[in-house]
file entry03.cif (mmCIF, N, CA, C and O atoms)
data_run
#
loop_
_atom_site.label_atom_id
_atom_site.label_comp_id
_atom_site.auth_asym_id
_atom_site.auth_seq_id
_atom_site.Cartn_x
_atom_site.Cartn_y
_atom_site.Cartn_z
N MET A 2 22.46 -20.98 -93.61
CA MET A 2 22.70 -22.16 -92.82
C MET A 2 23.53 -21.78 -91.59
O MET A 2 24.44 -20.97 -91.67
N SER A 3 23.21 -22.37 -90.47
CA SER A 3 23.96 -22.09 -89.25
C SER A 3 25.32 -22.78 -89.31
O SER A 3 25.60 -23.58 -90.20
N ASP A 4 26.16 -22.47 -88.36
CA ASP A 4 27.49 -23.05 -88.29
C ASP A 4 27.40 -24.57 -88.24
O ASP A 4 26.61 -25.12 -87.47
N LEU A 5 28.16 -25.25 -89.07
CA LEU A 5 28.16 -26.71 -89.06
C LEU A 5 28.71 -27.23 -87.73
O LEU A 5 29.65 -26.66 -87.17
N TYR A 6 28.12 -28.32 -87.24
CA TYR A 6 28.65 -28.98 -86.05
C TYR A 6 29.79 -29.88 -86.51
O TYR A 6 29.61 -30.71 -87.41
N ALA A 7 30.96 -29.73 -85.93
CA ALA A 7 32.14 -30.45 -86.36
C ALA A 7 32.65 -31.39 -85.27
O ALA A 7 32.66 -31.03 -84.09
N VAL A 8 33.03 -32.57 -85.69
CA VAL A 8 33.73 -33.51 -84.82
C VAL A 8 35.13 -33.62 -85.41
O VAL A 8 35.30 -34.05 -86.55
N ALA A 9 36.13 -33.18 -84.66
CA ALA A 9 37.49 -33.12 -85.15
C ALA A 9 38.41 -34.00 -84.33
O ALA A 9 38.16 -34.27 -83.15
N ASP A 10 39.47 -34.43 -84.98
CA ASP A 10 40.58 -35.09 -84.31
C ASP A 10 41.82 -34.36 -84.77
O ASP A 10 42.03 -34.20 -85.97
N PHE A 11 42.61 -33.85 -83.83
CA PHE A 11 43.81 -33.14 -84.25
C PHE A 11 45.01 -33.54 -83.40
O PHE A 11 44.88 -33.93 -82.26
N CYS A 12 46.14 -33.49 -84.05
CA CYS A 12 47.41 -33.82 -83.41
C CYS A 12 48.35 -32.64 -83.63
O CYS A 12 48.78 -32.38 -84.75
N LEU A 13 48.61 -31.91 -82.56
CA LEU A 13 49.48 -30.74 -82.59
C LEU A 13 50.89 -31.20 -82.24
O LEU A 13 51.10 -31.84 -81.21
N ILE A 14 51.86 -30.86 -83.09
CA ILE A 14 53.23 -31.33 -82.90
C ILE A 14 54.18 -30.14 -82.82
O ILE A 14 54.47 -29.50 -83.83
N PRO A 15 54.65 -29.82 -81.59
CA PRO A 15 55.64 -28.74 -81.46
C PRO A 15 56.96 -29.19 -82.10
O PRO A 15 57.37 -30.34 -81.96
N ILE A 16 57.63 -28.28 -82.82
CA ILE A 16 58.88 -28.59 -83.50
C ILE A 16 59.95 -27.58 -83.06
O ILE A 16 59.66 -26.39 -82.91
N GLY A 17 61.16 -28.08 -82.89
CA GLY A 17 62.28 -27.21 -82.56
C GLY A 17 62.37 -26.85 -81.10
O GLY A 17 62.95 -25.82 -80.75
N THR A 18 61.82 -27.70 -80.24
CA THR A 18 61.85 -27.40 -78.80
C THR A 18 63.11 -27.91 -78.13
O THR A 18 63.35 -27.62 -76.97
N ASN A 19 63.90 -28.72 -78.84
CA ASN A 19 65.13 -29.31 -78.29
C ASN A 19 64.88 -30.22 -77.09
O ASN A 19 65.75 -30.41 -76.26
N GLU A 20 63.67 -30.72 -76.99
CA GLU A 20 63.31 -31.64 -75.92
C GLU A 20 62.63 -32.85 -76.54
O GLU A 20 61.84 -32.70 -77.46
N PRO A 21 62.94 -34.07 -76.05
CA PRO A 21 62.27 -35.24 -76.61
C PRO A 21 60.79 -35.33 -76.23
O PRO A 21 59.99 -35.87 -76.97
N SER A 22 60.43 -34.78 -75.08
CA SER A 22 59.04 -34.82 -74.64
C SER A 22 58.34 -33.52 -75.02
O SER A 22 58.90 -32.43 -74.89
N VAL A 23 57.10 -33.66 -75.47
CA VAL A 23 56.29 -32.48 -75.78
C VAL A 23 55.12 -32.33 -74.80
O VAL A 23 54.23 -31.52 -75.00
N ALA A 24 55.16 -33.08 -73.71
CA ALA A 24 54.04 -33.11 -72.76
C ALA A 24 53.68 -31.73 -72.21
O ALA A 24 52.49 -31.41 -72.06
N GLU A 25 54.67 -30.90 -71.89
CA GLU A 25 54.38 -29.57 -71.35
C GLU A 25 53.61 -28.71 -72.36
O GLU A 25 52.72 -27.95 -72.00
N TYR A 26 53.95 -28.86 -73.62
CA TYR A 26 53.28 -28.10 -74.68
C TYR A 26 51.85 -28.60 -74.90
O TYR A 26 50.93 -27.81 -75.09
N ILE A 27 51.69 -29.90 -74.85
CA ILE A 27 50.35 -30.48 -75.03
C ILE A 27 49.47 -30.12 -73.84
O ILE A 27 48.28 -29.83 -74.00
N ALA A 28 50.05 -30.10 -72.64
CA ALA A 28 49.29 -29.68 -71.46
C ALA A 28 48.80 -28.24 -71.63
O ALA A 28 47.67 -27.91 -71.25
N GLU A 29 49.63 -27.39 -72.23
CA GLU A 29 49.22 -26.00 -72.47
C GLU A 29 48.02 -25.95 -73.42
O GLU A 29 47.07 -25.19 -73.21
N CYS A 30 48.05 -26.77 -74.45
CA CYS A 30 46.92 -26.84 -75.39
C CYS A 30 45.67 -27.33 -74.66
O CYS A 30 44.57 -26.79 -74.88
N GLN A 31 45.80 -28.31 -73.80
CA GLN A 31 44.65 -28.82 -73.06
C GLN A 31 44.05 -27.74 -72.16
O GLN A 31 42.83 -27.67 -72.00
N ARG A 32 44.89 -26.88 -71.61
CA ARG A 32 44.39 -25.75 -70.80
C ARG A 32 43.53 -24.82 -71.67
O ARG A 32 42.49 -24.33 -71.24
N VAL A 33 43.99 -24.58 -72.89
CA VAL A 33 43.23 -23.75 -73.83
C VAL A 33 41.88 -24.39 -74.12
O VAL A 33 40.84 -23.72 -74.12
N LEU A 34 41.88 -25.70 -74.38
CA LEU A 34 40.63 -26.39 -74.70
C LEU A 34 39.66 -26.37 -73.52
O LEU A 34 38.45 -26.23 -73.69
N GLU A 35 40.19 -26.49 -72.31
CA GLU A 35 39.34 -26.43 -71.11
C GLU A 35 38.62 -25.08 -71.06
O GLU A 35 37.42 -25.02 -70.77
N LYS A 36 39.32 -24.01 -71.36
CA LYS A 36 38.73 -22.68 -71.33
C LYS A 36 37.74 -22.46 -72.48
O LYS A 36 36.88 -21.59 -72.39
N SER A 37 37.86 -23.23 -73.56
CA SER A 37 37.01 -23.04 -74.74
C SER A 37 35.55 -23.41 -74.48
O SER A 37 34.66 -22.93 -75.16
N GLY A 38 35.32 -24.29 -73.52
CA GLY A 38 33.96 -24.76 -73.25
C GLY A 38 33.49 -25.85 -74.20
O GLY A 38 32.38 -26.35 -74.07
N LEU A 39 34.33 -26.23 -75.15
CA LEU A 39 33.97 -27.29 -76.10
C LEU A 39 34.21 -28.66 -75.48
O LEU A 39 34.96 -28.80 -74.52
N THR A 40 33.58 -29.68 -76.06
CA THR A 40 33.80 -31.05 -75.62
C THR A 40 35.08 -31.55 -76.26
O THR A 40 35.26 -31.42 -77.48
N TYR A 41 35.98 -32.09 -75.45
CA TYR A 41 37.24 -32.60 -75.97
C TYR A 41 37.70 -33.78 -75.13
O TYR A 41 37.29 -33.96 -73.99
N LYS A 42 38.56 -34.60 -75.74
CA LYS A 42 39.13 -35.74 -75.03
C LYS A 42 40.50 -36.03 -75.63
O LYS A 42 40.62 -36.35 -76.81
N MET A 43 41.51 -35.91 -74.80
CA MET A 43 42.87 -36.20 -75.24
C MET A 43 43.05 -37.72 -75.31
O MET A 43 42.49 -38.47 -74.52
N HIS A 44 43.83 -38.16 -76.30
CA HIS A 44 44.22 -39.56 -76.38
C HIS A 44 45.71 -39.61 -76.67
O HIS A 44 46.37 -38.56 -76.71
N GLY A 45 46.29 -40.77 -76.83
CA GLY A 45 47.73 -40.92 -76.92
C GLY A 45 48.41 -40.15 -78.04
O GLY A 45 49.55 -39.75 -77.90
N TYR A 46 47.71 -39.93 -79.14
CA TYR A 46 48.33 -39.25 -80.28
C TYR A 46 47.47 -38.12 -80.82
O TYR A 46 47.42 -37.88 -82.02
N GLY A 47 46.76 -37.43 -79.93
CA GLY A 47 45.96 -36.30 -80.36
C GLY A 47 44.81 -36.03 -79.43
O GLY A 47 44.78 -36.51 -78.29
N THR A 48 43.86 -35.27 -79.94
CA THR A 48 42.70 -34.86 -79.16
C THR A 48 41.47 -34.85 -80.05
O THR A 48 41.51 -34.35 -81.17
N ASN A 49 40.38 -35.41 -79.55
CA ASN A 49 39.07 -35.27 -80.19
C ASN A 49 38.47 -33.98 -79.67
O ASN A 49 38.56 -33.68 -78.48
N LEU A 50 37.86 -33.23 -80.55
CA LEU A 50 37.29 -31.93 -80.20
C LEU A 50 36.01 -31.76 -81.01
O LEU A 50 35.97 -32.11 -82.19
N GLU A 51 34.96 -31.25 -80.38
CA GLU A 51 33.72 -31.06 -81.13
C GLU A 51 32.97 -29.83 -80.69
O GLU A 51 33.09 -29.38 -79.55
N GLY A 52 32.20 -29.32 -81.65
CA GLY A 52 31.39 -28.14 -81.42
C GLY A 52 31.16 -27.45 -82.75
O GLY A 52 31.46 -27.99 -83.81
N PRO A 53 30.63 -26.24 -82.73
CA PRO A 53 30.45 -25.49 -83.97
C PRO A 53 31.80 -25.31 -84.68
O PRO A 53 32.82 -25.04 -84.04
N TRP A 54 31.79 -25.49 -86.01
CA TRP A 54 33.02 -25.44 -86.81
C TRP A 54 33.89 -24.23 -86.47
O TRP A 54 35.10 -24.34 -86.29
N SER A 55 33.28 -23.06 -86.40
CA SER A 55 34.06 -21.84 -86.14
C SER A 55 34.74 -21.88 -84.78
O SER A 55 35.88 -21.42 -84.64
N GLN A 56 34.07 -22.45 -83.78
CA GLN A 56 34.67 -22.53 -82.45
C GLN A 56 35.76 -23.60 -82.39
O GLN A 56 36.76 -23.42 -81.70
N VAL A 57 35.56 -24.70 -83.11
CA VAL A 57 36.58 -25.76 -83.16
C VAL A 57 37.85 -25.21 -83.81
O VAL A 57 38.95 -25.37 -83.28
N SER A 58 37.70 -24.54 -84.94
CA SER A 58 38.88 -24.00 -85.62
C SER A 58 39.53 -22.89 -84.79
O SER A 58 40.76 -22.79 -84.75
N GLN A 59 38.74 -22.11 -84.09
CA GLN A 59 39.30 -21.06 -83.21
C GLN A 59 40.08 -21.69 -82.07
O GLN A 59 41.16 -21.21 -81.70
N ALA A 60 39.57 -22.77 -81.50
CA ALA A 60 40.27 -23.44 -80.39
C ALA A 60 41.61 -24.01 -80.85
O ALA A 60 42.62 -23.91 -80.13
N ILE A 61 41.65 -24.59 -82.04
CA ILE A 61 42.91 -25.11 -82.56
C ILE A 61 43.88 -23.95 -82.81
O ILE A 61 45.07 -24.04 -82.47
N HIS A 62 43.39 -22.86 -83.36
CA HIS A 62 44.21 -21.64 -83.52
C HIS A 62 44.76 -21.20 -82.17
O HIS A 62 45.95 -20.89 -82.04
N ASP A 63 43.90 -21.15 -81.16
CA ASP A 63 44.32 -20.69 -79.84
C ASP A 63 45.35 -21.64 -79.22
O ASP A 63 46.25 -21.18 -78.49
N CYS A 64 45.25 -22.93 -79.51
CA CYS A 64 46.28 -23.87 -79.06
C CYS A 64 47.62 -23.52 -79.69
O CYS A 64 48.65 -23.52 -79.02
N HIS A 65 47.60 -23.25 -80.99
CA HIS A 65 48.84 -22.86 -81.67
C HIS A 65 49.45 -21.63 -80.99
O HIS A 65 50.65 -21.60 -80.69
N ALA A 66 48.64 -20.61 -80.77
CA ALA A 66 49.14 -19.37 -80.17
C ALA A 66 49.73 -19.63 -78.78
O ALA A 66 50.81 -19.11 -78.46
N ALA A 67 49.07 -20.45 -77.99
CA ALA A 67 49.55 -20.74 -76.63
C ALA A 67 50.84 -21.54 -76.64
O ALA A 67 51.75 -21.29 -75.83
N VAL A 68 50.95 -22.50 -77.55
CA VAL A 68 52.15 -23.34 -77.61
C VAL A 68 53.32 -22.52 -78.16
O VAL A 68 54.46 -22.66 -77.70
N HIS A 69 53.07 -21.63 -79.11
CA HIS A 69 54.13 -20.72 -79.55
C HIS A 69 54.57 -19.84 -78.38
O HIS A 69 55.77 -19.63 -78.16
N ALA A 70 53.61 -19.32 -77.62
CA ALA A 70 53.94 -18.46 -76.49
C ALA A 70 54.75 -19.20 -75.43
O ALA A 70 55.53 -18.58 -74.70
N LYS A 71 54.59 -20.51 -75.37
CA LYS A 71 55.35 -21.33 -74.42
C LYS A 71 56.76 -21.60 -74.92
O LYS A 71 57.58 -22.15 -74.20
N GLY A 72 57.06 -21.23 -76.17
CA GLY A 72 58.42 -21.34 -76.65
C GLY A 72 58.65 -22.22 -77.86
O GLY A 72 59.77 -22.31 -78.35
N ALA A 73 57.63 -22.88 -78.37
CA ALA A 73 57.80 -23.70 -79.56
C ALA A 73 57.91 -22.79 -80.78
O ALA A 73 56.98 -22.05 -81.08
N PRO A 74 59.03 -22.84 -81.50
CA PRO A 74 59.18 -21.95 -82.65
C PRO A 74 58.36 -22.38 -83.87
O PRO A 74 58.01 -21.54 -84.70
N ARG A 75 58.05 -23.66 -83.96
CA ARG A 75 57.26 -24.18 -85.08
C ARG A 75 56.25 -25.18 -84.54
O ARG A 75 56.49 -25.84 -83.53
N ILE A 76 55.14 -25.31 -85.25
CA ILE A 76 54.11 -26.30 -84.91
C ILE A 76 53.56 -26.87 -86.20
O ILE A 76 53.25 -26.12 -87.13
N ALA A 77 53.42 -28.18 -86.23
CA ALA A 77 52.72 -28.84 -87.33
C ALA A 77 51.49 -29.52 -86.73
O ALA A 77 51.58 -30.15 -85.68
N THR A 78 50.35 -29.37 -87.37
CA THR A 78 49.13 -29.97 -86.86
C THR A 78 48.41 -30.72 -87.97
O THR A 78 48.18 -30.17 -89.04
N ASP A 79 48.07 -31.96 -87.67
CA ASP A 79 47.22 -32.77 -88.54
C ASP A 79 45.81 -32.66 -88.01
O ASP A 79 45.59 -32.83 -86.81
N ILE A 80 44.85 -32.39 -88.89
CA ILE A 80 43.45 -32.23 -88.48
C ILE A 80 42.55 -33.04 -89.39
O ILE A 80 42.67 -32.96 -90.61
N ARG A 81 41.64 -33.80 -88.78
CA ARG A 81 40.56 -34.44 -89.53
C ARG A 81 39.26 -33.91 -88.95
O ARG A 81 39.09 -33.91 -87.73
N ILE A 82 38.37 -33.46 -89.80
CA ILE A 82 37.09 -32.91 -89.35
C ILE A 82 35.96 -33.59 -90.09
O ILE A 82 36.00 -33.71 -91.31
N GLY A 83 34.97 -34.02 -89.34
CA GLY A 83 33.78 -34.60 -89.93
C GLY A 83 32.57 -33.77 -89.58
O GLY A 83 32.47 -33.22 -88.48
N THR A 84 31.66 -33.68 -90.54
CA THR A 84 30.37 -33.01 -90.30
C THR A 84 29.29 -33.89 -90.91
O THR A 84 29.56 -34.74 -91.74
N ARG A 85 28.07 -33.68 -90.46
CA ARG A 85 26.94 -34.35 -91.09
C ARG A 85 25.71 -33.48 -90.94
O ARG A 85 25.56 -32.76 -89.96
N VAL A 86 24.86 -33.56 -91.94
CA VAL A 86 23.64 -32.75 -91.93
C VAL A 86 22.39 -33.62 -92.09
O VAL A 86 21.29 -33.10 -92.17
N ASP A 87 22.60 -34.95 -92.11
CA ASP A 87 21.45 -35.84 -92.29
C ASP A 87 20.71 -36.12 -91.00
O ASP A 87 19.62 -36.67 -91.03
N ARG A 88 21.29 -35.75 -89.87
CA ARG A 88 20.60 -35.88 -88.60
C ARG A 88 21.18 -34.91 -87.60
O ARG A 88 22.31 -34.44 -87.75
N GLU A 89 20.42 -34.63 -86.58
CA GLU A 89 20.84 -33.71 -85.53
C GLU A 89 21.81 -34.41 -84.59
O GLU A 89 21.58 -35.56 -84.19
N ILE A 90 22.89 -33.75 -84.25
CA ILE A 90 23.84 -34.28 -83.28
C ILE A 90 23.69 -33.46 -82.01
O ILE A 90 23.82 -32.23 -82.04
N THR A 91 23.41 -34.13 -80.91
CA THR A 91 23.32 -33.43 -79.64
C THR A 91 24.71 -32.93 -79.29
O THR A 91 25.66 -33.74 -79.26
N PRO A 92 24.88 -31.64 -79.06
CA PRO A 92 26.21 -31.12 -78.76
C PRO A 92 26.88 -31.89 -77.62
O PRO A 92 26.26 -32.20 -76.61
N GLY A 93 28.14 -32.21 -77.86
CA GLY A 93 28.92 -32.94 -76.87
C GLY A 93 28.86 -34.45 -76.99
O GLY A 93 29.52 -35.16 -76.26
N THR A 94 28.05 -34.96 -77.94
CA THR A 94 27.90 -36.41 -78.06
C THR A 94 28.39 -36.95 -79.40
O THR A 94 28.27 -38.15 -79.65
N GLY A 95 28.94 -36.10 -80.25
CA GLY A 95 29.33 -36.52 -81.58
C GLY A 95 30.35 -37.65 -81.59
O GLY A 95 30.14 -38.68 -82.23
N ASN A 96 31.46 -37.49 -80.89
CA ASN A 96 32.48 -38.53 -80.89
C ASN A 96 32.02 -39.74 -80.09
O ASN A 96 32.19 -40.87 -80.53
N ASP A 97 31.45 -39.51 -78.92
CA ASP A 97 30.99 -40.64 -78.10
C ASP A 97 29.94 -41.46 -78.85
O ASP A 97 29.91 -42.68 -78.73
N GLY A 98 29.08 -40.79 -79.60
CA GLY A 98 28.07 -41.50 -80.37
C GLY A 98 28.68 -42.41 -81.42
O GLY A 98 28.22 -43.53 -81.64
N LYS A 99 29.75 -41.94 -82.07
CA LYS A 99 30.44 -42.75 -83.07
C LYS A 99 31.04 -44.00 -82.42
O LYS A 99 30.93 -45.10 -82.93
N VAL A 100 31.70 -43.80 -81.29
CA VAL A 100 32.34 -44.92 -80.59
C VAL A 100 31.29 -45.90 -80.08
O VAL A 100 31.44 -47.12 -80.24
N LYS A 101 30.20 -45.39 -79.51
CA LYS A 101 29.16 -46.26 -78.98
C LYS A 101 28.54 -47.12 -80.07
O LYS A 101 28.26 -48.30 -79.85
N ARG A 102 28.32 -46.55 -81.23
CA ARG A 102 27.73 -47.30 -82.34
C ARG A 102 28.59 -48.51 -82.69
O ARG A 102 28.09 -49.62 -82.87
N VAL A 103 29.90 -48.35 -82.77
CA VAL A 103 30.81 -49.45 -83.06
C VAL A 103 30.83 -50.46 -81.91
O VAL A 103 30.79 -51.67 -82.12
N GLU A 104 30.85 -49.95 -80.67
CA GLU A 104 30.84 -50.84 -79.52
C GLU A 104 29.57 -51.69 -79.48
O GLU A 104 29.61 -52.87 -79.14
N ASP A 105 28.44 -51.08 -79.84
CA ASP A 105 27.17 -51.83 -79.88
C ASP A 105 27.23 -52.96 -80.93
O ASP A 105 26.75 -54.06 -80.68
N ILE A 106 27.83 -52.68 -82.07
CA ILE A 106 27.97 -53.70 -83.10
C ILE A 106 28.87 -54.83 -82.60
O ILE A 106 28.56 -56.01 -82.74
N LEU A 107 29.98 -54.47 -81.96
CA LEU A 107 30.90 -55.47 -81.42
C LEU A 107 30.26 -56.29 -80.30
O LEU A 107 30.57 -57.48 -80.15
N ALA A 108 29.38 -55.67 -79.54
CA ALA A 108 28.71 -56.37 -78.45
C ALA A 108 27.86 -57.52 -78.97
O ALA A 108 27.67 -58.53 -78.28
N THR A 109 27.35 -57.38 -80.19
CA THR A 109 26.54 -58.47 -80.75
C THR A 109 27.41 -59.68 -81.07
O THR A 109 26.92 -60.80 -81.18
N ASP A 110 28.73 -59.49 -81.22
CA ASP A 110 29.65 -60.59 -81.44
C ASP A 110 29.75 -61.50 -80.22
O ASP A 110 30.12 -62.67 -80.34
N GLN A 111 29.44 -60.97 -79.07
CA GLN A 111 29.56 -61.71 -77.80
C GLN A 111 28.47 -62.77 -77.63
O GLN A 111 28.55 -63.64 -76.81
N HIS A 112 27.42 -62.67 -78.41
CA HIS A 112 26.25 -63.54 -78.24
C HIS A 112 26.35 -64.77 -79.08
O HIS A 112 26.94 -64.97 -80.03
#
call {"tool": "encode", "arguments": {"input": "entry03.cif", "output": "structure tokens"}}
result
Amino acid sequence: MSDLYAVADFCLIPIGTNEPSVAEYIAECQRVLEKSGLTYKMHGYGTNLEGPWSQVSQAIHDCHAAVHAKGAPRIATDIRIGTRVDREITPGTGNDGKVKRVEDILATDQH
């Protein structure tokens, strides 16, 4: 079987930075994700990320390495990953497809 296509949501939390804001560290992770070539979207408490499972997990690893290199002595990350094999997911549309499906259902409430 080929690499599973994964739709992930992760929240990387730098610890021990002695700063109330973690924005600089999160920006560093976003730079890593930009270089990964994967589809991602930051939101208020994390980032949606999708692509082949091995690349998604490598990108999260690379975020950890970059944030440690920026000075964070510890990092805690919460990760949720979904996969499906009952239908083909066009790369880059996994998360948007989930959101659109719910929006379409809600749109019927308007009628």
call {"tool": "residues_near_point", "arguments": {"input": "entry03.cif", "point": "(50.6, -36.1, -89.0)", "cutoff": "6 Å", "atoms": "all atoms listed in the file", "output": "list of chain:residue names"}}
result
A:Cys12, A:Thr78, A:Asp79
call {"tool": "closest_residue", "arguments": {"input": "entry03.cif", "among": "A:Ala7, A:Ala70, A:Ile16, A:Val23", "to": "Val57 in chain A", "atoms": "all atoms listed in the file"}}
result
A:Ala7
call {"tool": "atom_distance", "arguments": {"input": "entry03.cif", "atom1": "atom N of Thr84 in chain A", "atom2": "atom N of Asn96 in chain A"}}
result
10.4 Å
call {"tool": "closest_residue", "arguments": {"input": "entry03.cif", "among": "A:Val33, A:Tyr41, A:Tyr26, A:Pro15", "to": "Gly93 in chain A", "atoms": "all atoms listed in the file"}}
result
A:Tyr41
call {"tool": "resolve_selection", "arguments": {"input": "entry03.cif", "expression": "the PyMOL selection byres ((chain A and resi 17) around 8)", "output": "ChimeraX atom specification"}}
result
/A:14-16,18-20,72-76
call {"tool": "residues_around", "arguments": {"input": "entry03.cif", "residues": "Gly95 in chain A", "least_positions_apart": "2", "cutoff": "12 Å", "atoms": "only C-alpha atoms", "output": "ChimeraX atom specification"}}
result
/A:6-10,39-42,49-53,82-85,88-93,97-102
call {"tool": "closest_residue", "arguments": {"input": "entry03.cif", "among": "A:Phe11, A:Val68, A:Ile61, A:Ala108", "to": "His44 in chain A", "atoms": "only N, CA, C and O atoms"}}
result
A:Phe11
call {"tool": "select_by_dssp", "arguments": {"input": "entry03.cif", "residues": "chain A", "states": "alpha helix (DSSP H)", "output": "PyMOL selection string"}}
result
chain A and resi 24-37+54-70+95-108
